[in-house]
Every structure is written in structure tokens, then in C-alpha cells.
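**Student:** Can you read through this structure? Questions will come right after.
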Amino acid sequence: MLDINFVRQNPDDVIAMLHRRQMGGDAGKVYKLLDIDSSRKEMVQRTDDLKALRNRVSKEIADIKRSGQGSAEELISQMKSVSDQITELDADLAKLETEMEELLLTLPNRLHASVPEGRSADDNLLYKGPVEFTHDLDFEVRNHLDLGKSLGILDFERGAKISGAGFPVYCGKGARLERALINFMLDTHTENHGYTEVFPPFMVNQESLRGTGQWPKFADQVYFMPEDGLYAIPTAEVPVTNLHRSEMIDPAKLPIAYVAYSACFRREAGSYGKDTKGFLRVHQFNKVEMVRFTRPEASYDALEQILSHAEAILCALKIPYRVITLCGGDISANAAKCYDIEVWSPAENKYLEASSVSNFEDYQARRSNIRFKADSKSKPEFVHTLNGSGLATSRLMVSLLEHYQTADGKVMVPEVLRPYTGFDVID
């Protein structure tokens, strides 16, 4: 959430940011917010004046009663009217503040100065790569769907029968390979990169979604269980970031780095017409997520660290990839800056997004009220939060199966995964 003081003092900058994000049509929200804020200030002043009057006259009433000289009935009657006015103004003020907050929740994050200009994904910039690894594919490669079906390790048809399209079933060595990927990534991040592992709930309340920015803007993307008021998580970022909601973090503990596995659930509303075959677009997938809490001055160094940690997984697996800097028109509403890591699919002959690494600065922390004090004499500050997929297994599985296939239809297991799978080849 944006700081209302920043919006008050820099409305033109906020509107310019909306235009950079290709959201110029939302500029009216800024003007409406400022109008409400102005009305709120006037109402606060009126309320304060009436409360001051009530306090002063209440003292006069007390003096009259104590002295026993004269009647205070008229003043008491007047103060009852004043109290009624205050009650009404307080109710109106609460409505205005709720309206202000609802507007603030719909405004996206400020963009870092280094975010490139652009209208869509076509304007994203190459940041690193392509990083290549040699694989012997001097034959007609098969896509992950054909490989999965012929080897009996993936079953999208039965998944659709059980739950609907977009819910895959892993079978036999495919299930073992998926579990191996997850365990390898968790071990790498905890043992080599200094993260503390967390196993979070897969369902959260609305306040948790609000804290990380998925609510209300992306409400149509989450699965909801109304009887319990719970939502299936779209990413482990939500429960892990909310571990410290409404907390004052000990500065000695910063930076805090967590890594978590979770299943992720997304309705993918509005994805009609996009490529939906196999793992290219699913409603349930597995992901290992890295989440960091840092001091503001350290967050952009942390962003590069998280990126390097995700890249380390791909380098160990020898999966070709590249890193893209998202432009203003393609970046998520919550992020101040974001990198996408894309893995190469030889069968699709294109790159597929497998990870996003983002710095949210204080946007999530302000919504979640996550603060720290630099020292005992300092005022509380909001931490900066960051996260990155380290990585999502669905698109990664596409690239892995296709790069490690053999001419006779088998799939070799990457060397680093063999201690986890217990086998070298899927045939």
C-alpha cells in the first residue's frame, strides 16, 4: 500500500507511475483519494473543535455543580447535542477512512527508477543470458506431454476426470522426480544459501491475502471456501510473509530469509486463448518460494541475491535459461522491480517463465504492518519484503523432460537429482 503522505505530497508522481504501468485510466482514483482526504481533514478539525468545546464546558459544569451556585441544566443539554454531533461525525469519519483505505489498496506500488519503460511483455529487457548448457538433441524432440504419457509418469486425462482441466497427476517415477526436485531445491537453499525452511498452511484468511497484495486486486484469481472464510494460497509468499504481520521485528534478526514448499492454486481467470496444454497453464502446481525481510537500504542487494539463488538451481540442473527485467507495463501491481527467469523449451521452441523475483520495498510491509526500529531512539520503520520462486516445478519440469530425453524415448535424470530419485533413467 502506498503511504498516504506520499500521495498527498506527490500526486503528479503517482499519476506518472500509473501511466508508466499503462494504468493511466486509474488517475481519477488519485484525485478522488485527495478529495476524500481533504474532506477527512475538515471533518477531523470539526470533531476536534467540538471535543475541545465539550471538554471545556464539561469542566464548567463540574465547577457549577461543585460550587452549588446556579443550574447547569442548559449547559448539560447543549453538551448532549454536541456529543450527538461528535458521534455522528465519528461515524462519518470512519466511513471516509474506510473509503480512503479501499482506494489506497487498489493503487499499485511505486516503480523503481531502473524499471524499463514499456507497454507489454514485448518491451521487457534481457538482463542476463541466454545461459546455455549442452544437451544431445540431434533428433526430433518430443514435448513433455508426449514424453509423460509414453513413459506413464504424467496423467492429465485422469487429473481432468478427478478435478477438471489444469490439475495434473504425477505417477510412478514422475511423482518421485517431482518430489526429488522439491527436496533438492529446499536442501540447496537451506544448506547453501542460508534460508530457514518453513512448511506453511495452504489456506489463509482474507487479511493474509490483503497483506501481500492479492486482495482485493486479484480476488478473481483465488479459490474461496466461503463456509470457513478461507482461501487456497496462490503462492507460499502469502502465508510466509504474513508470519510477521503486525510485528515489530528485532533489527538484530534482519535480514530474515525463509524458504517454503507449497502447492499453489490459481483460477487463472482471464486466461482464455492462452496456451493451456500440459504444464504450460495449470490450476495447481508445486513451488519452492524464497521470502526475505530486509532493512530498506539493503533490499536491492537482496534482490540480486535471491536472483542468484534461483539461478543456482538451474545451473545445477543444467537447464538453459535467461533473465528478463519486466517493464512498467508488464510488472505486477505489487512489485517495485521484478525479474523473470525463463527456461528454454526445445519442443515449444520458446522460453517459459519459471520464476519471478521481486522487490516490493515497503508496499507489503505497510499493508501488513511489519516494522522494525533501527535502534532504541529511532522511530519505527517498515521493512522491505522480497520474494522469488526458487523455483516453480511445472515449467521447470517441461524443460527438464525435454532436455534430458533420449532418441529412444527415455529421460535421463539430472545428476544432482539422482541421490533423491534413487534411479538414473526413466524408461
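Here's how to read the names in the C-alpha cells: chain A, B, ... by the order shown, residue numbers from 1 in each chain, ligand numbers from 1 in the order shown.
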Just the residues within 9 Å of Leu391 of chain A, please, counting only C-alpha atoms, with nothing from its chain fewer than 6 positions along; format it as a list in words.

**Tutor:**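 Here the answer would be Ile182, Met185, Asn286, Lys287, Val288, Glu289, Met290, Ala310, Ile313, Leu314, Ala354, Ser355 and Ser356 of chain A.
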
**Student:** Go through segment 59-173 of chain A and collect every residue that DSSP, computed from the backbone, puts in strand (DSSP E or B); the answer should be as a list in words.

**Tutor:**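 Those residues are Leu125, Leu126, Tyr127, Lys128, Gly129, Pro130, Val131, Leu154, Asp155, Val169 and Tyr170 of chain A.
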
**Student:** Calculated over only C-alpha atoms, which of the candidates A:Asn5, A:Thr325, A:Ser376, A:Thr385 has the smallest distance to Asp123 of chain A?

**Tutor:**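 Among the listed residues, A:Thr325 lies closest to Asp123 of chain A.
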
**Student:** From the DSSP assignment of the backbone, select every residue of segment 120-320 of chain A that is alpha helix (DSSP H), and format the answer as a PyMOL selection string.

**Tutor:** chain A and resi 144-151+156-162+173-191+206-212+237-241+299-317

**Student:** Quick one: residues within 6 Å of Gly211 of chain A, only C-alpha atoms counted, chain neighbours fewer than 2 positions away excluded, as an mmCIF file with C-alpha atoms, in the first residue's frame?

**Tutor:**
```
data_model
loop_
_atom_site.group_PDB
_atom_site.id
_atom_site.type_symbol
_atom_site.label_atom_id
_atom_site.label_comp_id
_atom_site.auth_asym_id
_atom_site.auth_seq_id
_atom_site.Cartn_x
_atom_site.Cartn_y
_atom_site.Cartn_z
ATOM 1 C CA SER A 208 -3.268 -12.517 4.778
ATOM 2 C CA LEU A 209 -4.167 -12.012 1.116
ATOM 3 C CA GLY A 213 -1.460 -7.526 -2.162
ATOM 4 C CA GLN A 364 3.548 -5.237 1.527
ATOM 5 C CA ARG A 367 -0.295 -3.321 4.328
ATOM 6 C CA SER A 368 0.833 -5.960 6.848
#
```

**Student:** Applying 9 Å and only C-alpha atoms, which residues near segment 33-40 of chain A remain after dropping the ones on its own chain fewer than 2 positions away? List them as number ranges by chain.

**Tutor:** A: 4, 7-8, 11, 28-31, 42-45, 93, 96-97, 99-100, 103-104
